[in-house]
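Peer 1: Contents are mmCIF, C-alpha atoms and all ligand atoms; file name coords31.cif:
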```cif
data_model
loop_
_atom_site.label_atom_id
_atom_site.label_comp_id
_atom_site.auth_asym_id
_atom_site.auth_seq_id
_atom_site.Cartn_x
_atom_site.Cartn_y
_atom_site.Cartn_z
CA MET A 29 203.64 79.11 -14.87
CA THR A 30 202.71 76.63 -12.11
CA LYS A 31 199.79 74.23 -12.16
CA CYS A 32 197.44 73.48 -9.30
CA LEU A 33 198.47 70.15 -7.75
CA GLY A 34 194.83 69.21 -7.20
CA CYS A 35 193.19 69.74 -10.60
CA GLY A 36 196.00 70.60 -13.02
CA ALA A 37 194.63 74.07 -13.91
CA ARG A 38 197.18 76.83 -14.57
CA MET A 39 197.34 79.05 -11.50
CA GLN A 40 196.35 82.69 -11.90
CA ASP A 41 195.55 85.56 -9.52
CA LYS A 42 193.69 87.80 -11.96
CA ASN A 43 190.17 86.45 -12.45
CA PRO A 44 188.31 84.79 -9.52
CA HIS A 45 185.69 83.42 -11.93
CA GLU A 46 188.13 81.47 -14.06
CA GLU A 47 189.81 78.16 -13.34
CA GLY A 48 193.09 78.09 -11.46
CA TYR A 49 192.32 81.25 -9.47
CA VAL A 50 194.22 81.75 -6.23
CA LYS A 51 194.95 84.82 -4.07
CA ASP A 52 198.57 83.91 -3.43
CA ILE A 53 200.19 82.66 -6.60
CA ASN A 54 202.71 80.65 -4.55
CA SER A 55 200.03 78.36 -3.09
CA LEU A 56 200.01 74.69 -4.11
CA LEU A 57 196.24 74.41 -4.59
CA CYS A 58 193.83 76.72 -6.43
CA LYS A 59 190.94 78.26 -4.47
CA ARG A 60 188.42 75.79 -5.91
CA CYS A 61 190.44 72.69 -4.93
CA PHE A 62 190.99 74.18 -1.47
CA GLU A 63 187.25 74.68 -1.04
CA ILE A 64 186.29 71.21 -2.34
CA ARG A 65 188.74 69.59 0.07
CA ASN A 66 188.10 71.70 3.15
CA TYR A 67 184.46 72.72 2.92
CA ASN A 68 183.04 70.20 0.46
CA ALA A 69 182.01 73.29 -1.53
CA TYR A 70 182.02 72.98 -5.28
CA SER A 71 181.63 75.40 -8.13
CA MET A 72 180.58 73.75 -11.39
CA ILE A 73 182.91 74.33 -14.31
CA GLU A 74 181.45 74.11 -17.80
CA LYS A 75 183.62 72.07 -20.12
CA ASP A 76 183.15 70.81 -23.62
CA ASN A 77 184.47 67.61 -25.09
CA GLN A 78 186.59 69.17 -27.82
CA GLU A 79 189.31 70.08 -25.34
CA TYR A 80 189.46 66.49 -24.11
CA LEU A 81 189.50 65.09 -27.64
CA ASN A 82 192.52 67.32 -28.33
CA VAL A 83 194.23 65.81 -25.29
CA LEU A 84 193.44 62.30 -26.57
CA ASN A 85 194.83 63.19 -30.00
CA LYS A 86 198.12 64.11 -28.37
CA ILE A 87 198.14 60.84 -26.43
CA ALA A 88 197.38 58.95 -29.66
CA LYS A 89 200.69 60.20 -31.09
CA THR A 90 202.61 58.29 -28.41
CA ASP A 91 202.43 54.52 -28.22
CA ASP A 92 202.16 54.68 -24.44
CA LEU A 93 199.96 52.37 -22.41
CA LEU A 94 196.54 53.74 -21.44
CA ILE A 95 194.31 52.79 -18.54
CA LEU A 96 190.69 53.21 -19.57
CA VAL A 97 188.59 53.59 -16.44
CA ALA A 98 184.87 52.87 -16.67
CA ASP A 99 182.35 52.67 -13.91
CA LEU A 100 181.00 49.13 -13.30
CA PHE A 101 177.76 50.69 -12.24
CA SER A 102 176.99 52.52 -15.48
CA LEU A 103 179.06 50.21 -17.73
CA ASP A 104 179.61 52.40 -20.72
CA ILE A 105 182.79 52.25 -22.79
CA PRO A 106 183.44 55.42 -24.80
CA LYS A 107 184.04 55.04 -28.53
CA LEU A 108 187.50 56.45 -29.14
CA ASN A 109 189.82 56.57 -32.07
CA LEU A 110 192.99 55.26 -30.40
CA LYS A 111 195.48 52.55 -31.31
CA ASN A 112 197.43 52.62 -28.04
CA PRO A 113 197.46 49.44 -25.95
CA ILE A 114 194.79 49.75 -23.29
CA ILE A 115 194.05 48.10 -19.96
CA LEU A 116 190.28 48.25 -19.42
CA VAL A 117 189.54 48.89 -15.76
CA LEU A 118 185.99 48.57 -14.47
CA THR A 119 185.88 50.28 -11.12
CA LYS A 120 183.45 50.81 -8.22
CA ALA A 121 182.93 47.03 -7.86
CA ASP A 122 181.92 47.76 -4.26
CA LEU A 123 178.66 49.33 -5.50
CA LEU A 124 177.28 46.17 -7.10
CA PRO A 125 175.54 43.52 -5.01
CA ARG A 126 178.05 40.95 -3.77
CA ASN A 127 176.42 37.97 -5.49
CA ILE A 128 176.90 39.42 -8.97
CA ASP A 129 179.59 37.76 -11.08
CA LYS A 130 181.76 40.74 -12.05
CA GLU A 131 184.01 38.68 -14.32
CA LYS A 132 180.99 37.62 -16.35
CA ILE A 133 180.07 41.27 -16.85
CA LEU A 134 183.64 42.02 -17.92
CA ASN A 135 183.36 39.41 -20.63
CA LYS A 136 180.05 40.71 -21.97
CA ILE A 137 181.27 44.25 -22.63
CA LYS A 138 181.71 45.28 -26.24
CA TYR A 139 184.30 47.74 -27.55
CA ASN A 140 186.48 48.34 -30.58
CA LEU A 141 189.72 49.37 -28.91
CA ASN A 142 193.11 47.72 -28.57
CA ILE A 143 192.38 46.20 -25.17
CA ILE A 144 195.23 43.96 -24.04
CA ALA A 145 194.00 43.24 -20.52
CA LYS A 146 190.88 43.85 -18.47
CA ILE A 147 190.12 43.82 -14.78
CA THR A 148 187.42 44.83 -12.29
CA ILE A 149 188.55 46.79 -9.23
CA SER A 150 187.37 48.95 -6.37
CA SER A 151 189.57 51.86 -5.36
CA LYS A 152 187.44 52.28 -2.30
CA ASN A 153 187.97 48.72 -1.01
CA ASN A 154 191.40 48.10 -2.52
CA TYR A 155 189.90 45.22 -4.51
CA GLN A 156 192.36 43.86 -7.13
CA LEU A 157 194.61 46.94 -7.07
CA ASP A 158 197.73 44.80 -6.62
CA GLU A 159 196.71 42.83 -9.71
CA LEU A 160 196.18 46.04 -11.68
CA TYR A 161 199.54 47.41 -10.56
CA THR A 162 201.20 44.21 -11.80
CA LEU A 163 199.43 44.57 -15.18
CA ILE A 164 200.57 48.19 -15.52
CA ASN A 165 204.19 47.28 -14.88
CA LYS A 166 203.96 44.34 -17.25
CA TYR A 167 202.50 46.25 -20.20
CA LYS A 168 203.86 49.81 -19.92
CA ARG A 169 205.82 50.97 -22.97
CA SER A 170 207.57 53.92 -21.35
CA LYS A 171 207.52 55.66 -17.97
CA ASN A 172 204.27 57.35 -18.86
CA VAL A 173 200.89 55.67 -18.44
CA TYR A 174 197.78 57.76 -19.13
CA VAL A 175 194.54 57.32 -17.24
CA ILE A 176 191.54 58.15 -19.44
CA GLY A 177 187.75 57.68 -19.41
CA TYR A 178 184.50 59.47 -18.67
CA THR A 179 184.45 62.20 -16.06
CA SER A 180 183.43 60.89 -12.60
CA SER A 181 184.36 57.32 -13.52
CA GLY A 182 186.95 57.29 -10.71
CA LYS A 183 190.27 58.07 -12.46
CA SER A 184 191.69 60.48 -9.89
CA THR A 185 190.57 58.33 -6.96
CA LEU A 186 192.39 55.35 -8.51
CA ILE A 187 195.62 57.35 -8.97
CA ASN A 188 195.46 58.62 -5.37
CA LYS A 189 195.09 55.03 -4.17
CA MET A 190 198.04 53.91 -6.33
CA VAL A 191 200.20 56.66 -4.81
CA HIS A 192 199.11 55.64 -1.35
CA ASN A 193 199.75 51.92 -1.93
CA TYR A 194 202.85 51.82 -4.12
CA SER A 195 204.75 55.09 -3.86
CA GLN A 196 207.08 56.81 -1.40
CA ASN A 197 205.80 60.08 -2.81
CA ASP A 198 203.04 62.15 -1.34
CA TYR A 199 200.45 63.39 -3.80
CA GLU A 200 196.73 63.94 -3.71
CA ILE A 201 194.58 64.88 -6.67
CA THR A 202 191.26 66.55 -5.87
CA THR A 203 188.25 64.24 -6.32
CA SER A 204 184.52 64.90 -5.97
CA VAL A 205 181.16 63.44 -6.93
CA LEU A 206 180.59 66.15 -9.53
CA PRO A 207 181.88 66.10 -13.11
CA SER A 208 184.90 68.14 -14.31
CA THR A 209 186.86 68.13 -11.06
CA THR A 210 190.16 67.46 -12.84
CA LEU A 211 190.84 70.25 -15.34
CA ASP A 212 194.12 69.42 -17.09
CA LEU A 213 196.79 66.71 -17.35
CA ILE A 214 198.46 65.94 -14.00
CA LYS A 215 201.65 63.90 -14.00
CA VAL A 216 201.91 61.87 -10.81
CA PRO A 217 205.25 60.11 -10.25
CA ILE A 218 204.89 56.71 -8.58
CA ASN A 219 208.61 55.90 -8.77
CA ASN A 220 211.53 56.63 -11.12
CA GLU A 221 210.14 54.19 -13.67
CA LEU A 222 206.46 55.09 -13.65
CA ASN A 223 204.33 58.22 -13.97
CA LEU A 224 200.56 57.95 -13.90
CA ILE A 225 199.09 60.84 -15.87
CA ASP A 226 195.59 61.92 -14.88
CA THR A 227 193.29 63.50 -17.47
CA PRO A 228 190.09 65.57 -17.11
CA GLY A 229 187.73 62.99 -18.63
CA LEU A 230 185.14 62.84 -21.33
CA LEU A 231 181.74 64.34 -20.58
CA ASP A 232 179.22 61.56 -20.73
CA GLU A 233 176.61 62.98 -23.09
CA GLY A 234 173.12 61.74 -22.33
CA SER A 235 174.01 60.98 -18.72
CA ILE A 236 171.61 62.04 -16.01
CA ILE A 237 174.68 63.31 -14.14
CA LEU A 238 174.94 66.26 -16.51
CA THR A 239 171.33 67.39 -16.01
CA ALA A 240 170.80 66.57 -12.31
CA SER A 241 170.78 69.20 -9.57
CA LYS A 242 173.22 68.94 -6.67
CA GLU A 243 170.41 67.62 -4.46
CA GLN A 244 169.45 64.92 -6.97
CA PHE A 245 173.10 64.04 -7.33
CA LYS A 246 173.32 62.93 -3.72
CA LYS A 247 170.52 60.44 -4.31
CA ILE A 248 171.64 59.21 -7.73
CA ILE A 249 175.22 58.31 -6.79
CA PRO A 250 175.16 55.25 -4.52
CA LYS A 251 177.51 55.30 -1.55
CA LYS A 252 177.32 51.61 -0.71
CA ALA A 253 176.45 48.35 -2.47
CA ILE A 254 173.02 48.64 -4.06
CA LYS A 255 170.26 46.20 -3.20
CA PRO A 256 168.21 45.36 -6.30
CA ILE A 257 164.47 46.00 -5.90
CA VAL A 258 162.18 43.38 -7.44
CA ILE A 259 158.68 44.39 -8.50
CA GLN A 260 156.15 41.82 -9.77
CA ILE A 261 153.46 43.33 -11.93
CA LYS A 262 149.98 41.82 -12.02
CA ILE A 263 147.84 44.73 -13.20
CA ASP A 264 148.70 47.96 -15.03
CA GLN A 265 150.46 50.38 -12.76
CA THR A 266 152.73 53.39 -12.61
CA ILE A 267 156.09 53.55 -10.87
CA PHE A 268 157.88 56.79 -10.03
CA ILE A 269 161.57 57.03 -9.37
CA ASP A 270 161.80 60.18 -7.26
CA ASP A 271 160.90 63.13 -9.45
CA LEU A 272 163.25 61.86 -12.15
CA MET A 273 161.24 59.34 -14.12
CA ARG A 274 157.89 57.67 -14.56
CA LEU A 275 157.20 54.15 -15.80
CA ASP A 276 153.73 53.15 -17.03
CA ILE A 277 153.68 49.37 -17.14
CA LYS A 278 151.30 48.00 -19.75
CA LYS A 279 152.05 44.32 -19.66
CA GLY A 280 152.86 41.89 -16.88
CA GLY A 281 156.15 40.41 -15.87
CA CYS A 282 158.77 41.40 -13.41
CA LEU A 283 161.14 44.36 -13.13
CA VAL A 284 164.37 44.44 -11.14
CA PHE A 285 165.75 47.90 -10.39
CA TYR A 286 169.53 48.26 -10.12
CA MET A 287 170.03 51.81 -8.93
CA SER A 288 170.88 53.79 -5.81
CA ASN A 289 168.70 52.85 -2.86
CA ASN A 290 168.56 56.52 -1.87
CA LEU A 291 166.09 57.07 -4.71
CA LYS A 292 162.44 56.89 -3.71
CA LEU A 293 160.47 54.25 -5.64
CA GLU A 294 156.67 54.68 -5.49
CA ARG A 295 153.85 52.62 -7.02
CA PHE A 296 150.45 53.92 -8.11
CA TYR A 297 147.44 51.95 -9.29
CA LYS A 298 145.20 54.91 -10.06
CA ASN A 299 145.35 57.56 -12.77
CA ASN A 300 147.90 60.22 -12.11
CA ASN A 301 149.43 62.65 -14.62
CA LYS A 302 152.67 63.49 -12.84
CA LEU A 303 155.72 63.74 -15.19
CA THR A 304 153.72 62.93 -18.35
CA ASN A 305 155.03 66.21 -19.81
CA LEU A 306 158.47 64.59 -20.13
CA LYS A 307 159.71 62.72 -23.20
CA LYS A 308 158.10 59.30 -23.70
CA PHE A 309 160.03 56.17 -24.65
CA HIS A 310 158.05 53.03 -25.50
CA PHE A 311 159.35 49.48 -25.06
CA GLU A 312 157.44 46.42 -26.27
CA ASN A 313 157.73 42.77 -25.15
CA LEU A 314 161.01 42.91 -23.29
CA ASN A 315 162.20 39.66 -21.80
CA ASN A 316 165.55 39.21 -20.13
CA GLU A 317 166.67 42.60 -21.42
CA ASP A 318 168.01 45.55 -19.44
CA ILE A 319 166.75 49.08 -19.92
CA VAL A 320 169.77 51.28 -19.25
CA ILE A 321 169.16 54.82 -18.02
CA LYS A 322 172.51 56.46 -18.51
CA GLY A 323 174.09 57.57 -15.22
CA LEU A 324 171.16 56.31 -13.14
CA GLY A 325 171.41 52.53 -13.44
CA PHE A 326 169.35 49.88 -15.19
CA ILE A 327 166.15 47.86 -14.96
CA LYS A 328 166.16 44.17 -15.77
CA THR A 329 162.95 42.80 -17.32
CA LYS A 330 161.62 39.24 -16.99
CA ASN A 331 158.59 37.38 -18.34
CA ILE A 332 157.60 39.83 -21.10
CA VAL A 333 157.14 43.45 -20.15
CA SER A 334 155.76 46.35 -22.20
CA LEU A 335 156.08 49.84 -20.79
CA ASP A 336 156.35 53.59 -21.38
CA ILE A 337 159.07 55.60 -19.72
CA TYR A 338 158.85 59.37 -19.21
CA ILE A 339 162.13 61.14 -18.56
CA ASP A 340 164.08 64.35 -19.37
CA GLU A 341 164.68 64.37 -23.14
CA LYS A 342 168.44 64.90 -22.71
CA ILE A 343 168.90 61.53 -21.01
CA LYS A 344 169.87 58.55 -23.13
CA ILE A 345 167.88 55.34 -22.73
CA THR A 346 168.95 52.10 -24.38
CA LYS A 347 168.23 48.42 -24.09
CA ARG A 348 170.65 45.52 -24.10
CA GLN A 349 170.69 41.79 -23.52
CA SER A 350 170.63 41.50 -19.72
CA ILE A 351 174.06 41.32 -18.11
CA MET A 352 172.61 39.70 -15.00
N1 LIG A 401 182.02 53.52 -4.29
C1 LIG A 401 183.10 53.91 -4.97
N2 LIG A 401 183.20 55.20 -5.36
C2 LIG A 401 184.30 55.57 -6.06
C3 LIG A 401 185.33 54.66 -6.40
N3 LIG A 401 186.26 55.34 -7.11
C4 LIG A 401 185.82 56.61 -7.20
N4 LIG A 401 184.64 56.77 -6.57
C5 LIG A 401 183.83 58.01 -6.42
O1 LIG A 401 183.45 58.49 -7.70
C6 LIG A 401 183.42 59.91 -7.72
C7 LIG A 401 184.28 60.44 -8.86
O2 LIG A 401 185.62 60.11 -8.61
P1 LIG A 401 186.85 60.88 -9.29
O3 LIG A 401 188.08 60.11 -8.94
O4 LIG A 401 186.83 62.35 -8.94
O5 LIG A 401 186.48 60.68 -10.83
P2 LIG A 401 187.24 61.23 -12.12
O6 LIG A 401 186.41 62.37 -12.63
O7 LIG A 401 187.23 60.08 -13.09
O8 LIG A 401 188.62 61.63 -11.71
C8 LIG A 401 183.94 60.36 -6.33
O9 LIG A 401 182.82 60.67 -5.54
C9 LIG A 401 184.65 59.12 -5.81
O10 LIG A 401 184.64 59.06 -4.41
C10 LIG A 401 185.20 53.28 -5.96
O11 LIG A 401 186.03 52.40 -6.21
N5 LIG A 401 184.05 52.98 -5.27
MG MG A 402 189.48 63.46 -11.93
#
```
Rewrite the structure of this file - the entire thing - as structure tokens.
Peer 2:
Amino acid sequence: MTKCLGCGARMQDKNPHEEGYVKDINSLLCKRCFEIRNYNAYSMIEKDNQEYLNVLNKIAKTDDLLILVADLFSLDIPKLNLKNPIILVLTKADLLPRNIDKEKILNKIKYNLNIIAKITISSKNNYQLDELYTLINKYKRSKNVYVIGYTSSGKSTLINKMVHNYSQNDYEITTSVLPSTTLDLIKVPINNELNLIDTPGLLDEGSIILTASKEQFKKIIPKKAIKPIVIQIKIDQTIFIDDLMRLDIKKGGCLVFYMSNNLKLERFYKNNNKLTNLKKFHFENLNNEDIVIKGLGFIKTKNIVSLDIYIDEKIKITKRQSIM
């Protein structure tokens, strides 16, 4: 049984609605990968996390090196039960404003994993990929190095870039902005001594990515470095972020929005009931704390801010000591 070179799904010519479907079983790519690559068309595949946890359990039985990829923009490290040595890779550095100290952020991140090295990179701009490649070769325990992390964090893009930079081989995994593009393990040989093994990725529960429509998606995922938007608040007011969330600011201060600049940010001073049917989260006296809206970005608070946020109940909102 052959696997699709793009997503790892087992190829089949029986059911067009199931993964790995292809008309001609001798093709290299399944129909879905062909369509993502050639027409930018995408059919969503529903996945649950149990399958991925089973994959991680198998990996846990080896003592192979893992590369844990997390997105510098959403900065969330999954809690996993693994003892393997891990290189923590924070990617998409190109999306943060240039003046932000990425190394400082790296040092503020908390986790309880066996992390033996950590690095920030950008696959898009080739930032620190040579350094990462050196770390991989230094710490690998066998030929096999697994690339794990949340779906859409940038695992497959990183492997494609590694192939391009460091291998004589020709290989391209399918990537896309939507979750669950990679469906099964894909072993990608870099040279005789190193295989990078791509994995489907953990679904990021509570992320706006899992509830957004395709149209919203295009606005939520930034394509270039974000410019933070600073809003000083003198009197009570309401701020809307597209049709995704509402903020009712009750007390003074200053808010700095770190999210895609394709999202429309609107201010209102008068009464308006839009989005008040959504779930309400209340925050009191925040100062130098970030409100993190999973998958969307974060809002830094300064000079004591109290506010209510209205947003889809499935989306996780947390606060943390500001990383800025
Ligand atoms: N700006 C930027 N986008 C990236 C980078 N790496 C990956 N992406 C984008 O993130 C999305 C998900 O990438 P993908 O590799 O498919 O993620 P995976 O699910 O972890 O394999 C795609 O739209 C990529 O183009 C990066 O370094 N910078
Ligand atoms: Mg992938």
Peer 1: Any idea what the distance is between CA of Lys189 in chain A and CA of Asn112 in chain A?
Peer 2: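 Interatomic distance, CA of Lys189 in chain A to CA of Asn112 in chain A: 24.1 Å.
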Peer 1: Quick one: residues within 6 Å of Cys282 in chain A, all atoms listed in the file counted, chain neighbours fewer than 4 positions away excluded, as a list in words?
Peer 2: Ile259, Gln260, Ile261, Thr329 and Lys330 of chain A
Peer 1: Next, write the just-selected residues to a file, as a compact mmCIF listing (two decimals), in the frame of the given file, keeping C-alpha atoms as the atom set.
Peer 2:
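Below is the file that was written, again.txt:
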```txt
# COMPACT_ATOMS: atom_id res chain seq x y z
CA ILE A 259 158.68 44.39 -8.50
CA GLN A 260 156.15 41.82 -9.77
CA ILE A 261 153.46 43.33 -11.93
CA THR A 329 162.95 42.80 -17.32
CA LYS A 330 161.62 39.24 -16.99
```
Peer 1: Could you tell me how far CA of Leu275 in chain A lies from CA of Thr179 in chain A, in Å and to one decimal?
Peer 2: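 Pair CA of Leu275 in chain A / CA of Thr179 in chain A returns 28.4 Å.
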Peer 1: Counting all atoms listed in the file, which residues sit no farther than 6 Å from the position (174.5, 54.6, -7.3) in the file's frame? I'd like them as an mmCIF file with C-alpha atoms, in the frame of the given file.
Peer 2:
```cif
data_model
loop_
_atom_site.group_PDB
_atom_site.id
_atom_site.type_symbol
_atom_site.label_atom_id
_atom_site.label_comp_id
_atom_site.auth_asym_id
_atom_site.auth_seq_id
_atom_site.Cartn_x
_atom_site.Cartn_y
_atom_site.Cartn_z
ATOM 1 C CA ILE A 248 171.640 59.210 -7.730
ATOM 2 C CA ILE A 249 175.220 58.310 -6.790
ATOM 3 C CA PRO A 250 175.160 55.250 -4.520
ATOM 4 C CA MET A 287 170.030 51.810 -8.930
ATOM 5 C CA SER A 288 170.880 53.790 -5.810
#
```
Peer 1: Counting all atoms listed in the file, which residues have an atom no more than 9 Å from (194.2, 57.4, -20.6) in the file's coordinates? Please list them as a list in words.
Peer 2: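 It turns out the residues near that spot are Leu84, Ile87, Leu93, Leu94, Ile95, Leu96, Val97, Ile114, Val173, Tyr174, Val175, Ile176, Gly177, Ile225, Asp226, Thr227 and Gly229 of chain A.
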Peer 1: Give me, as JSON, numbers by chain, all polymer residues having an atom no more than 10 Å from Asn316 in chain A, counting all atoms listed in the file and skipping those fewer than 5 positions away in the same chain.
Peer 2: {"A": [282, 283, 328, 329, 330, 331, 332, 333, 348, 349, 350, 351, 352]}
Peer 1: Each side padded by 4 Å, which centre and which edge lengths in Å (one decimal) define the axis-aligned box around the listed atoms of ligand LIG 401 (chain A)? Give them as JSON.
Peer 2:
```
{"center_x": 185.3, "center_y": 57.4, "center_z": -8.7, "size_x": 14.6, "size_y": 18.0, "size_z": 16.8}
```
Peer 1: With all atoms listed in the file as the basis for distance, which of A:Tyr161, A:Tyr155, A:Phe268, A:Phe296 is at the shortest distance from ligand LIG 401 (chain A)?
Peer 2: A:Tyr155
Peer 1: Using all atoms listed in the file, what are the residues with an atom within 10 Å of ligand MG 402 (chain A), set out as an mmCIF file with C-alpha atoms, in the frame of the given file?
Peer 2:
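Written file, selection.cif:
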```cif
data_model
loop_
_atom_site.group_PDB
_atom_site.id
_atom_site.type_symbol
_atom_site.label_atom_id
_atom_site.label_comp_id
_atom_site.auth_asym_id
_atom_site.auth_seq_id
_atom_site.Cartn_x
_atom_site.Cartn_y
_atom_site.Cartn_z
ATOM 1 C CA GLY A 34 194.830 69.210 -7.200
ATOM 2 C CA CYS A 35 193.190 69.740 -10.600
ATOM 3 C CA GLY A 36 196.000 70.600 -13.020
ATOM 4 C CA VAL A 175 194.540 57.320 -17.240
ATOM 5 C CA ILE A 176 191.540 58.150 -19.440
ATOM 6 C CA GLY A 177 187.750 57.680 -19.410
ATOM 7 C CA TYR A 178 184.500 59.470 -18.670
ATOM 8 C CA THR A 179 184.450 62.200 -16.060
ATOM 9 C CA SER A 180 183.430 60.890 -12.600
ATOM 10 C CA SER A 181 184.360 57.320 -13.520
ATOM 11 C CA GLY A 182 186.950 57.290 -10.710
ATOM 12 C CA LYS A 183 190.270 58.070 -12.460
ATOM 13 C CA SER A 184 191.690 60.480 -9.890
ATOM 14 C CA THR A 185 190.570 58.330 -6.960
ATOM 15 C CA LEU A 186 192.390 55.350 -8.510
ATOM 16 C CA ILE A 187 195.620 57.350 -8.970
ATOM 17 C CA ILE A 201 194.580 64.880 -6.670
ATOM 18 C CA THR A 202 191.260 66.550 -5.870
ATOM 19 C CA THR A 203 188.250 64.240 -6.320
ATOM 20 C CA SER A 204 184.520 64.900 -5.970
ATOM 21 C CA VAL A 205 181.160 63.440 -6.930
ATOM 22 C CA LEU A 206 180.590 66.150 -9.530
ATOM 23 C CA PRO A 207 181.880 66.100 -13.110
ATOM 24 C CA SER A 208 184.900 68.140 -14.310
ATOM 25 C CA THR A 209 186.860 68.130 -11.060
ATOM 26 C CA THR A 210 190.160 67.460 -12.840
ATOM 27 C CA LEU A 211 190.840 70.250 -15.340
ATOM 28 C CA ASP A 212 194.120 69.420 -17.090
ATOM 29 C CA LEU A 213 196.790 66.710 -17.350
ATOM 30 C CA ILE A 214 198.460 65.940 -14.000
ATOM 31 C CA ASP A 226 195.590 61.920 -14.880
ATOM 32 C CA THR A 227 193.290 63.500 -17.470
ATOM 33 C CA PRO A 228 190.090 65.570 -17.110
ATOM 34 C CA GLY A 229 187.730 62.990 -18.630
#
```
Peer 1: Out of A:Met190, A:Leu230, A:Lys278, A:Glu312, which residue has the shortest atom-to-atom distance to Glu79 in chain A when counting all atoms listed in the file?
Peer 2: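 Under the stated criterion, the closest residue is A:Leu230.
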Peer 1: Extract, using only C-alpha atoms, all DNA, RNA and protein residues at most 6 Å from range 98-102 of chain A, discarding same-chain residues fewer than 4 positions from it, and format them as a PDB file with C-alpha atoms, in the coordinates of the input.
Peer 2:
```
ATOM      1  CA  LEU A 118     185.990  48.570 -14.470  1.00  0.00           C
ATOM      2  CA  THR A 119     185.880  50.280 -11.120  1.00  0.00           C
ATOM      3  CA  LYS A 120     183.450  50.810  -8.220  1.00  0.00           C
ATOM      4  CA  SER A 181     184.360  57.320 -13.520  1.00  0.00           C
ATOM      5  CA  GLY A 323     174.090  57.570 -15.220  1.00  0.00           C
ATOM      6  CA  GLY A 325     171.410  52.530 -13.440  1.00  0.00           C
TER       7      GLY A 325
END
```
Peer 1: How about completing range 281-292 of chain A with N, CA, C and O atoms and giving it to me as a compact mmCIF listing (two decimals), in the frame of the given file?
Peer 2:
```
# COMPACT_ATOMS: atom_id res chain seq x y z
N GLY A 281 154.75 40.67 -16.10
CA GLY A 281 156.15 40.41 -15.87
C GLY A 281 156.72 40.90 -14.56
O GLY A 281 156.03 41.13 -13.59
N CYS A 282 158.03 41.09 -14.62
CA CYS A 282 158.77 41.40 -13.41
C CYS A 282 159.88 42.39 -13.77
O CYS A 282 160.50 42.28 -14.82
N LEU A 283 160.08 43.38 -12.92
CA LEU A 283 161.14 44.36 -13.13
C LEU A 283 162.09 44.32 -11.94
O LEU A 283 161.66 44.25 -10.79
N VAL A 284 163.39 44.37 -12.22
CA VAL A 284 164.37 44.44 -11.14
C VAL A 284 165.17 45.72 -11.30
O VAL A 284 165.81 45.92 -12.34
N PHE A 285 165.10 46.59 -10.31
CA PHE A 285 165.75 47.90 -10.39
C PHE A 285 167.14 47.85 -9.78
O PHE A 285 167.30 47.54 -8.60
N TYR A 286 168.15 48.16 -10.60
CA TYR A 286 169.53 48.26 -10.12
C TYR A 286 169.91 49.73 -10.13
O TYR A 286 170.37 50.25 -11.15
N MET A 287 169.65 50.41 -9.04
CA MET A 287 170.03 51.81 -8.93
C MET A 287 170.15 52.18 -7.46
O MET A 287 169.85 51.35 -6.59
N SER A 288 170.63 53.39 -7.19
CA SER A 288 170.88 53.79 -5.81
C SER A 288 169.65 53.61 -4.94
O SER A 288 168.55 53.99 -5.32
N ASN A 289 169.83 53.05 -3.76
CA ASN A 289 168.70 52.85 -2.86
C ASN A 289 168.28 54.13 -2.14
O ASN A 289 167.33 54.14 -1.37
N ASN A 290 169.00 55.22 -2.42
CA ASN A 290 168.56 56.52 -1.87
C ASN A 290 167.45 57.14 -2.70
O ASN A 290 166.86 58.13 -2.30
N LEU A 291 167.18 56.55 -3.88
CA LEU A 291 166.09 57.07 -4.71
C LEU A 291 164.77 56.49 -4.21
O LEU A 291 164.69 55.31 -3.86
N LYS A 292 163.74 57.34 -4.20
CA LYS A 292 162.44 56.89 -3.71
C LYS A 292 161.66 56.23 -4.85
O LYS A 292 161.47 56.81 -5.91
```
